[in-house]
$ cat upload.cif   # mmCIF, N, CA and C atoms and all ligand atoms
data_upload
loop_
_atom_site.label_atom_id
_atom_site.label_comp_id
_atom_site.auth_asym_id
_atom_site.auth_seq_id
_atom_site.Cartn_x
_atom_site.Cartn_y
_atom_site.Cartn_z
N MET R 1 86.82 67.29 -22.96
CA MET R 1 87.49 67.40 -24.26
C MET R 1 86.65 66.70 -25.33
N THR R 2 86.45 67.34 -26.45
CA THR R 2 85.68 66.68 -27.50
C THR R 2 86.60 65.81 -28.35
N ASP R 3 86.04 64.70 -28.81
CA ASP R 3 86.79 63.77 -29.63
C ASP R 3 86.74 64.24 -31.08
N GLN R 4 87.90 64.36 -31.72
CA GLN R 4 87.95 64.88 -33.09
C GLN R 4 87.70 63.79 -34.13
N ARG R 5 87.76 62.51 -33.70
CA ARG R 5 87.57 61.44 -34.68
C ARG R 5 86.10 61.34 -35.08
N THR R 6 85.86 60.71 -36.22
CA THR R 6 84.48 60.47 -36.65
C THR R 6 83.98 59.24 -35.91
N PRO R 7 82.80 59.32 -35.28
CA PRO R 7 82.28 58.13 -34.61
C PRO R 7 81.98 57.02 -35.62
N LEU R 8 82.15 55.80 -35.19
CA LEU R 8 81.78 54.65 -36.03
C LEU R 8 80.26 54.63 -36.16
N VAL R 9 79.60 54.81 -35.03
CA VAL R 9 78.14 54.87 -35.01
C VAL R 9 77.72 56.13 -34.25
N GLU R 10 76.81 56.86 -34.84
CA GLU R 10 76.33 58.07 -34.21
C GLU R 10 74.81 58.05 -34.20
N LEU R 11 74.23 58.12 -33.02
CA LEU R 11 72.78 58.26 -32.89
C LEU R 11 72.53 59.71 -32.52
N LYS R 12 71.75 60.40 -33.34
CA LYS R 12 71.57 61.84 -33.12
C LYS R 12 70.11 62.18 -32.87
N ASN R 13 69.84 62.69 -31.69
CA ASN R 13 68.50 63.21 -31.35
C ASN R 13 67.39 62.22 -31.68
N ILE R 14 67.58 61.00 -31.24
CA ILE R 14 66.60 59.95 -31.53
C ILE R 14 65.41 60.03 -30.58
N SER R 15 64.22 60.00 -31.17
CA SER R 15 62.99 59.98 -30.37
C SER R 15 62.02 58.96 -30.93
N ILE R 16 61.27 58.34 -30.01
CA ILE R 16 60.18 57.46 -30.43
C ILE R 16 59.15 57.43 -29.30
N SER R 17 57.90 57.46 -29.68
CA SER R 17 56.81 57.38 -28.70
C SER R 17 55.91 56.21 -29.05
N PHE R 18 55.37 55.59 -28.00
CA PHE R 18 54.34 54.58 -28.19
C PHE R 18 53.09 55.18 -27.57
N GLY R 19 52.17 55.64 -28.38
CA GLY R 19 51.03 56.36 -27.84
C GLY R 19 51.55 57.58 -27.09
N GLY R 20 51.17 57.72 -25.84
CA GLY R 20 51.62 58.87 -25.06
C GLY R 20 52.95 58.67 -24.36
N ILE R 21 53.54 57.48 -24.51
CA ILE R 21 54.79 57.21 -23.78
C ILE R 21 56.00 57.61 -24.63
N HIS R 22 56.77 58.57 -24.14
CA HIS R 22 58.01 58.95 -24.83
C HIS R 22 59.09 57.96 -24.40
N ALA R 23 59.18 56.85 -25.11
CA ALA R 23 60.11 55.79 -24.71
C ALA R 23 61.56 56.26 -24.85
N VAL R 24 61.86 56.96 -25.93
CA VAL R 24 63.19 57.55 -26.13
C VAL R 24 62.95 59.00 -26.53
N ASP R 25 63.56 59.90 -25.78
CA ASP R 25 63.28 61.32 -25.97
C ASP R 25 64.58 62.07 -26.25
N ASN R 26 64.86 62.28 -27.54
CA ASN R 26 66.01 63.08 -27.94
C ASN R 26 67.35 62.53 -27.43
N ALA R 27 67.56 61.24 -27.68
CA ALA R 27 68.80 60.60 -27.19
C ALA R 27 69.90 60.65 -28.25
N SER R 28 71.10 60.98 -27.83
CA SER R 28 72.26 61.01 -28.73
C SER R 28 73.40 60.20 -28.12
N VAL R 29 74.02 59.37 -28.95
CA VAL R 29 75.13 58.54 -28.50
C VAL R 29 76.18 58.48 -29.60
N ASP R 30 77.45 58.66 -29.26
CA ASP R 30 78.55 58.48 -30.20
C ASP R 30 79.35 57.24 -29.79
N LEU R 31 79.59 56.37 -30.74
CA LEU R 31 80.38 55.17 -30.47
C LEU R 31 81.61 55.21 -31.36
N TYR R 32 82.78 55.05 -30.73
CA TYR R 32 84.03 55.11 -31.48
C TYR R 32 84.62 53.72 -31.68
N PRO R 33 85.42 53.55 -32.73
CA PRO R 33 86.01 52.24 -33.01
C PRO R 33 86.76 51.71 -31.79
N GLY R 34 86.58 50.44 -31.52
CA GLY R 34 87.31 49.80 -30.44
C GLY R 34 86.72 50.01 -29.07
N GLU R 35 85.68 50.82 -28.98
CA GLU R 35 85.06 51.07 -27.68
C GLU R 35 84.14 49.93 -27.26
N VAL R 36 84.10 49.70 -25.97
CA VAL R 36 83.07 48.83 -25.41
C VAL R 36 82.22 49.74 -24.53
N VAL R 37 80.95 49.83 -24.86
CA VAL R 37 80.09 50.83 -24.20
C VAL R 37 78.94 50.14 -23.50
N ALA R 38 78.64 50.60 -22.29
CA ALA R 38 77.46 50.11 -21.57
C ALA R 38 76.43 51.23 -21.54
N LEU R 39 75.19 50.85 -21.76
CA LEU R 39 74.09 51.79 -21.71
C LEU R 39 73.34 51.50 -20.41
N LEU R 40 73.37 52.45 -19.50
CA LEU R 40 72.78 52.21 -18.18
C LEU R 40 71.51 53.03 -17.98
N GLY R 41 70.56 52.47 -17.25
CA GLY R 41 69.34 53.20 -16.94
C GLY R 41 68.37 52.29 -16.23
N HIS R 42 67.42 52.90 -15.55
CA HIS R 42 66.46 52.10 -14.78
C HIS R 42 65.51 51.36 -15.71
N ASN R 43 64.71 50.49 -15.14
CA ASN R 43 63.73 49.72 -15.92
C ASN R 43 62.81 50.69 -16.66
N GLY R 44 62.66 50.45 -17.94
CA GLY R 44 61.76 51.29 -18.72
C GLY R 44 62.37 52.61 -19.16
N ALA R 45 63.68 52.77 -18.97
CA ALA R 45 64.34 54.03 -19.34
C ALA R 45 64.39 54.22 -20.85
N GLY R 46 64.34 53.13 -21.59
CA GLY R 46 64.36 53.24 -23.06
C GLY R 46 65.59 52.63 -23.70
N LYS R 47 66.38 51.90 -22.92
CA LYS R 47 67.62 51.30 -23.45
C LYS R 47 67.32 50.34 -24.60
N SER R 48 66.46 49.38 -24.33
CA SER R 48 66.16 48.38 -25.37
C SER R 48 65.54 49.04 -26.59
N THR R 49 64.69 50.02 -26.35
CA THR R 49 64.03 50.69 -27.47
C THR R 49 65.06 51.41 -28.34
N LEU R 50 66.02 52.05 -27.71
CA LEU R 50 67.07 52.74 -28.48
C LEU R 50 67.87 51.73 -29.31
N ILE R 51 68.19 50.59 -28.70
CA ILE R 51 68.97 49.57 -29.41
C ILE R 51 68.13 48.96 -30.54
N LYS R 52 66.82 48.82 -30.29
CA LYS R 52 65.95 48.28 -31.35
C LYS R 52 65.88 49.24 -32.53
N ILE R 53 65.98 50.53 -32.26
CA ILE R 53 66.00 51.51 -33.35
C ILE R 53 67.31 51.36 -34.14
N LEU R 54 68.42 51.23 -33.41
CA LEU R 54 69.71 51.06 -34.08
C LEU R 54 69.74 49.77 -34.90
N SER R 55 69.08 48.74 -34.40
CA SER R 55 69.14 47.45 -35.10
C SER R 55 68.00 47.25 -36.08
N GLY R 56 67.18 48.29 -36.28
CA GLY R 56 66.17 48.22 -37.33
C GLY R 56 64.87 47.53 -36.95
N ALA R 57 64.73 47.18 -35.68
CA ALA R 57 63.50 46.51 -35.27
C ALA R 57 62.36 47.52 -35.10
N TYR R 58 62.69 48.73 -34.67
CA TYR R 58 61.70 49.80 -34.54
C TYR R 58 62.09 50.96 -35.45
N LYS R 59 61.07 51.66 -35.92
CA LYS R 59 61.29 52.84 -36.76
C LYS R 59 61.20 54.07 -35.86
N ARG R 60 62.25 54.88 -35.87
CA ARG R 60 62.26 56.08 -35.03
C ARG R 60 61.27 57.11 -35.55
N ASP R 61 60.77 57.96 -34.64
CA ASP R 61 59.90 59.06 -35.06
C ASP R 61 60.75 60.20 -35.60
N SER R 62 61.91 60.42 -34.98
CA SER R 62 62.81 61.47 -35.46
C SER R 62 64.23 61.16 -35.05
N GLY R 63 65.17 61.89 -35.64
CA GLY R 63 66.58 61.68 -35.34
C GLY R 63 67.30 60.99 -36.48
N ASP R 64 68.62 60.91 -36.38
CA ASP R 64 69.45 60.34 -37.44
C ASP R 64 70.40 59.28 -36.90
N ILE R 65 70.71 58.34 -37.79
CA ILE R 65 71.73 57.34 -37.49
C ILE R 65 72.83 57.52 -38.54
N LEU R 66 74.06 57.74 -38.09
CA LEU R 66 75.18 57.87 -39.00
C LEU R 66 76.19 56.76 -38.73
N ILE R 67 76.70 56.18 -39.81
CA ILE R 67 77.74 55.18 -39.70
C ILE R 67 78.97 55.76 -40.41
N ASN R 68 80.07 55.85 -39.71
CA ASN R 68 81.28 56.48 -40.26
C ASN R 68 80.98 57.87 -40.82
N GLY R 69 80.09 58.59 -40.18
CA GLY R 69 79.78 59.95 -40.58
C GLY R 69 78.75 60.09 -41.69
N GLU R 70 78.33 58.94 -42.26
CA GLU R 70 77.36 58.97 -43.37
C GLU R 70 75.98 58.53 -42.86
N PRO R 71 74.92 59.20 -43.32
CA PRO R 71 73.58 58.78 -42.93
C PRO R 71 73.34 57.32 -43.32
N ALA R 72 72.85 56.54 -42.38
CA ALA R 72 72.61 55.12 -42.64
C ALA R 72 71.13 54.88 -42.84
N ASP R 73 70.82 54.04 -43.81
CA ASP R 73 69.44 53.72 -44.11
C ASP R 73 69.10 52.38 -43.45
N ILE R 74 68.64 52.46 -42.20
CA ILE R 74 68.34 51.24 -41.46
C ILE R 74 66.84 51.15 -41.22
N ARG R 75 66.18 50.29 -42.00
CA ARG R 75 64.73 50.15 -41.88
C ARG R 75 64.31 48.80 -41.31
N ASN R 76 65.24 47.87 -41.29
CA ASN R 76 64.93 46.55 -40.73
C ASN R 76 66.25 45.90 -40.31
N PRO R 77 66.17 44.80 -39.57
CA PRO R 77 67.40 44.17 -39.07
C PRO R 77 68.38 43.75 -40.18
N ARG R 78 67.82 43.45 -41.35
CA ARG R 78 68.70 43.07 -42.46
C ARG R 78 69.56 44.25 -42.92
N ASP R 79 68.94 45.43 -42.96
CA ASP R 79 69.70 46.65 -43.28
C ASP R 79 70.81 46.85 -42.25
N ALA R 80 70.45 46.70 -40.97
CA ALA R 80 71.42 46.93 -39.90
C ALA R 80 72.60 45.99 -40.04
N LYS R 81 72.30 44.75 -40.40
CA LYS R 81 73.34 43.74 -40.55
C LYS R 81 74.36 44.13 -41.61
N LYS R 82 73.87 44.80 -42.66
CA LYS R 82 74.78 45.26 -43.72
C LYS R 82 75.83 46.22 -43.16
N TYR R 83 75.45 46.94 -42.09
CA TYR R 83 76.38 47.87 -41.47
C TYR R 83 77.16 47.20 -40.33
N GLY R 84 76.99 45.89 -40.20
CA GLY R 84 77.70 45.17 -39.13
C GLY R 84 77.05 45.31 -37.77
N ILE R 85 75.76 45.66 -37.76
CA ILE R 85 75.05 45.83 -36.49
C ILE R 85 74.12 44.66 -36.26
N GLU R 86 74.33 43.97 -35.16
CA GLU R 86 73.45 42.86 -34.80
C GLU R 86 73.15 42.93 -33.32
N THR R 87 72.04 42.36 -32.93
CA THR R 87 71.60 42.45 -31.54
C THR R 87 71.45 41.07 -30.91
N ILE R 88 71.92 40.96 -29.68
CA ILE R 88 71.63 39.78 -28.88
C ILE R 88 70.71 40.26 -27.77
N TYR R 89 69.48 39.78 -27.76
CA TYR R 89 68.49 40.28 -26.82
C TYR R 89 68.61 39.64 -25.44
N GLN R 90 68.21 40.45 -24.42
CA GLN R 90 68.28 39.96 -23.04
C GLN R 90 67.23 38.87 -22.81
N THR R 91 66.12 39.00 -23.55
CA THR R 91 65.08 37.99 -23.38
C THR R 91 65.36 36.84 -24.34
N LEU R 92 64.83 35.68 -23.98
CA LEU R 92 65.06 34.49 -24.79
C LEU R 92 64.50 34.71 -26.19
N ALA R 93 65.34 34.53 -27.19
CA ALA R 93 64.89 34.77 -28.56
C ALA R 93 65.30 33.61 -29.45
N VAL R 94 64.93 32.40 -29.04
CA VAL R 94 65.24 31.26 -29.88
C VAL R 94 63.97 30.75 -30.53
N ALA R 95 64.14 30.17 -31.70
CA ALA R 95 63.02 29.53 -32.37
C ALA R 95 62.97 28.10 -31.84
N ASP R 96 61.92 27.78 -31.05
CA ASP R 96 61.95 26.47 -30.38
C ASP R 96 61.45 25.33 -31.27
N ASN R 97 61.13 25.65 -32.52
CA ASN R 97 60.71 24.58 -33.42
C ASN R 97 61.86 24.02 -34.25
N VAL R 98 63.06 24.63 -34.09
CA VAL R 98 64.22 24.10 -34.80
C VAL R 98 65.36 23.87 -33.81
N ASP R 99 66.40 23.14 -34.23
CA ASP R 99 67.45 22.76 -33.29
C ASP R 99 68.47 23.88 -33.07
N ALA R 100 69.46 23.58 -32.22
CA ALA R 100 70.44 24.60 -31.83
C ALA R 100 71.21 25.13 -33.03
N ALA R 101 71.60 24.22 -33.92
CA ALA R 101 72.38 24.64 -35.09
C ALA R 101 71.56 25.59 -35.96
N ALA R 102 70.29 25.28 -36.15
CA ALA R 102 69.43 26.13 -36.98
C ALA R 102 69.24 27.49 -36.33
N ASN R 103 69.15 27.51 -34.99
CA ASN R 103 69.05 28.79 -34.28
C ASN R 103 70.31 29.62 -34.46
N LEU R 104 71.45 28.95 -34.37
CA LEU R 104 72.74 29.63 -34.49
C LEU R 104 72.87 30.28 -35.87
N TYR R 105 72.30 29.63 -36.88
CA TYR R 105 72.44 30.13 -38.25
C TYR R 105 71.17 30.79 -38.77
N LEU R 106 70.29 31.17 -37.85
CA LEU R 106 69.04 31.81 -38.26
C LEU R 106 69.33 33.08 -39.06
N GLY R 107 68.84 33.12 -40.30
CA GLY R 107 69.04 34.29 -41.14
C GLY R 107 70.38 34.34 -41.84
N ARG R 108 71.26 33.37 -41.54
CA ARG R 108 72.58 33.33 -42.19
C ARG R 108 72.92 31.87 -42.51
N GLU R 109 71.91 31.14 -42.95
CA GLU R 109 72.06 29.70 -43.16
C GLU R 109 73.18 29.39 -44.15
N LEU R 110 73.90 28.33 -43.85
CA LEU R 110 74.91 27.87 -44.80
C LEU R 110 74.21 27.05 -45.87
N LYS R 111 74.64 27.24 -47.11
CA LYS R 111 73.99 26.56 -48.22
C LYS R 111 75.00 25.64 -48.92
N THR R 112 74.45 24.62 -49.55
CA THR R 112 75.28 23.76 -50.39
C THR R 112 75.44 24.45 -51.73
N ARG R 113 76.25 23.87 -52.59
CA ARG R 113 76.45 24.52 -53.90
C ARG R 113 75.19 24.46 -54.76
N TRP R 114 74.24 23.64 -54.33
CA TRP R 114 72.96 23.58 -55.07
C TRP R 114 71.92 24.53 -54.48
N GLY R 115 72.33 25.25 -53.46
CA GLY R 115 71.42 26.24 -52.87
C GLY R 115 70.50 25.68 -51.81
N THR R 116 70.70 24.41 -51.46
CA THR R 116 69.88 23.84 -50.39
C THR R 116 70.59 24.06 -49.05
N LEU R 117 69.84 23.90 -47.95
CA LEU R 117 70.43 24.09 -46.63
C LEU R 117 71.52 23.06 -46.37
N ASP R 118 72.68 23.53 -45.93
CA ASP R 118 73.78 22.61 -45.64
C ASP R 118 73.75 22.25 -44.14
N ASP R 119 72.81 21.36 -43.80
CA ASP R 119 72.63 20.97 -42.40
C ASP R 119 73.87 20.34 -41.81
N VAL R 120 74.59 19.58 -42.65
CA VAL R 120 75.80 18.90 -42.15
C VAL R 120 76.84 19.93 -41.72
N ALA R 121 77.07 20.93 -42.58
CA ALA R 121 78.06 21.97 -42.26
C ALA R 121 77.62 22.80 -41.05
N MET R 122 76.32 23.13 -41.00
CA MET R 122 75.83 23.94 -39.88
C MET R 122 75.94 23.18 -38.57
N GLU R 123 75.64 21.86 -38.62
CA GLU R 123 75.74 21.09 -37.38
C GLU R 123 77.19 20.96 -36.94
N ALA R 124 78.08 20.71 -37.91
CA ALA R 124 79.50 20.56 -37.57
C ALA R 124 80.04 21.85 -36.95
N SER R 125 79.69 22.96 -37.53
CA SER R 125 80.25 24.20 -37.00
C SER R 125 79.57 24.61 -35.70
N ALA R 126 78.28 24.25 -35.56
CA ALA R 126 77.62 24.50 -34.28
C ALA R 126 78.29 23.69 -33.17
N ARG R 127 78.65 22.45 -33.47
CA ARG R 127 79.33 21.61 -32.48
C ARG R 127 80.66 22.23 -32.08
N GLU R 128 81.36 22.78 -33.06
CA GLU R 128 82.65 23.41 -32.77
C GLU R 128 82.48 24.61 -31.84
N VAL R 129 81.45 25.42 -32.13
CA VAL R 129 81.17 26.59 -31.28
C VAL R 129 80.81 26.14 -29.87
N MET R 130 79.95 25.13 -29.76
CA MET R 130 79.55 24.60 -28.44
C MET R 130 80.78 24.10 -27.69
N GLY R 131 81.67 23.45 -28.43
CA GLY R 131 82.90 22.93 -27.82
C GLY R 131 83.73 24.06 -27.23
N ARG R 132 83.86 25.14 -28.00
CA ARG R 132 84.61 26.29 -27.51
C ARG R 132 83.97 26.89 -26.27
N LEU R 133 82.64 26.94 -26.28
CA LEU R 133 81.91 27.50 -25.14
C LEU R 133 82.16 26.70 -23.88
N1 LIG V 1 56.41 48.03 -28.36
C1 LIG V 1 56.08 48.86 -27.35
N2 LIG V 1 54.83 49.33 -27.22
C2 LIG V 1 54.50 50.18 -26.22
N3 LIG V 1 55.36 50.62 -25.28
C3 LIG V 1 56.62 50.17 -25.35
C4 LIG V 1 57.06 49.28 -26.39
N4 LIG V 1 58.38 49.00 -26.21
C5 LIG V 1 58.74 49.70 -25.13
N5 LIG V 1 57.70 50.40 -24.60
C6 LIG V 1 57.73 51.30 -23.44
O1 LIG V 1 58.83 52.18 -23.63
C7 LIG V 1 59.51 52.42 -22.42
C8 LIG V 1 60.97 52.02 -22.56
O2 LIG V 1 61.07 50.60 -22.58
P1 LIG V 1 62.44 49.82 -22.80
O3 LIG V 1 62.07 48.38 -22.92
O4 LIG V 1 63.18 50.43 -23.91
O5 LIG V 1 63.21 50.10 -21.44
P2 LIG V 1 64.59 49.48 -20.93
O6 LIG V 1 65.44 50.65 -20.54
O7 LIG V 1 65.15 48.54 -21.93
O8 LIG V 1 64.11 48.72 -19.62
P3 LIG V 1 64.68 47.35 -18.94
O9 LIG V 1 65.82 47.79 -18.07
O10 LIG V 1 63.50 46.89 -18.14
O11 LIG V 1 65.08 46.40 -20.02
C9 LIG V 1 58.75 51.66 -21.34
O12 LIG V 1 57.82 52.55 -20.75
C10 LIG V 1 58.05 50.57 -22.14
O13 LIG V 1 56.88 50.16 -21.50
MG MG V 2 65.63 46.50 -21.87
#

$ encode --input "upload.cif" --output "structure tokens" --more "lines below"
Ligand SMILES: Nc1ncnc2c1ncn2[C@@H]1O[C@H](COP(=O)(O)OP(=O)(O)OP(=O)(O)O)[C@@H](O)[C@H]1O
Ligand SMILES: [Mg+2]
Amino acid sequence: MTDQRTPLVELKNISISFGGIHAVDNASVDLYPGEVVALLGHNGAGKSTLIKILSGAYKRDSGDILINGEPADIRNPRDAKKYGIETIYQTLAVADNVDAAANLYLGRELKTRWGTLDDVAMEASAREVMGRL
């Protein structure tokens, strides 16, 4: 049975190659509101590459991304974030030159009213998150 609702996220005929390797070859995925979806495949199947395209880390060779039925302009992770798309990578992706709070707020730093980094607020809220964990 086909779903009549508009997908929240629609990946249509996405392809990308690295040299001669067709990492993602004409992949289409529909994601509906409230769904929890797992993408399964063997090592090197192209799962991470497809997600990197959705999250703006890689530029697709062809295909479309639609959000709520509208073409989405996702050229980098910041664009993706505007659509509420963020990625947590399987590989370690922390900046080891800054502390846990700074990592937690990487790219979304809390600022004081003077526009400087609000380290006190970030540390306090990082502690709260750690406590919950
Ligand atoms: N930046 C890149 N440059 C060249 N080849 C790449 C690049 N990224 C991915 N590939 C190749 O694309 C293919 C798909 O890789 P991808 O990492 O997407 O697979 P995966 O399904 O996430 O695998 P795994 O289960 O191991 O995480 C592989 O052949 C990989 O070597
Ligand atoms: Mg992967």

$ residues_around --input "upload.cif" --residues "Thr49 in chain R" --least-positions-apart "4" --cutoff "7 Å" --atoms "all atoms listed in the file" --output "PyMOL selection string"
chain R and resi 23-24+45+53-54

$ residues_near_ligand --input "upload.cif" --ligand "ligand MG 2 (chain V)" --cutoff "8 Å" --atoms "all atoms listed in the file" --output "ChimeraX atom specification"
/R:42-49,90-91

$ atom_distance --input "upload.cif" --atom1 "atom C of Gly41 in chain R" --atom2 "atom C of Ile74 in chain R"
25.1 Å

$ closest_residue --input "upload.cif" --among "R:Asp61, R:Glu128, R:Glu10, R:Glu86" --to "His22 in chain R" --atoms "only C-alpha atoms"
R:Asp61

$ select_by_dssp --input "upload.cif" --residues "range 25-99 of chain R" --states "alpha helix (DSSP H)" --output "number ranges by chain"
R: 47-54, 77-82

$ atom_distance --input "upload.cif" --atom1 "atom O2 of ligand LIG 1 (chain V)" --atom2 "atom C of Ile21 in chain R"
8.9 Å

$ atom_distance --input "upload.cif" --atom1 "CA of Gly69 in chain R" --atom2 "atom N of Ile88 in chain R"
23.3 Å
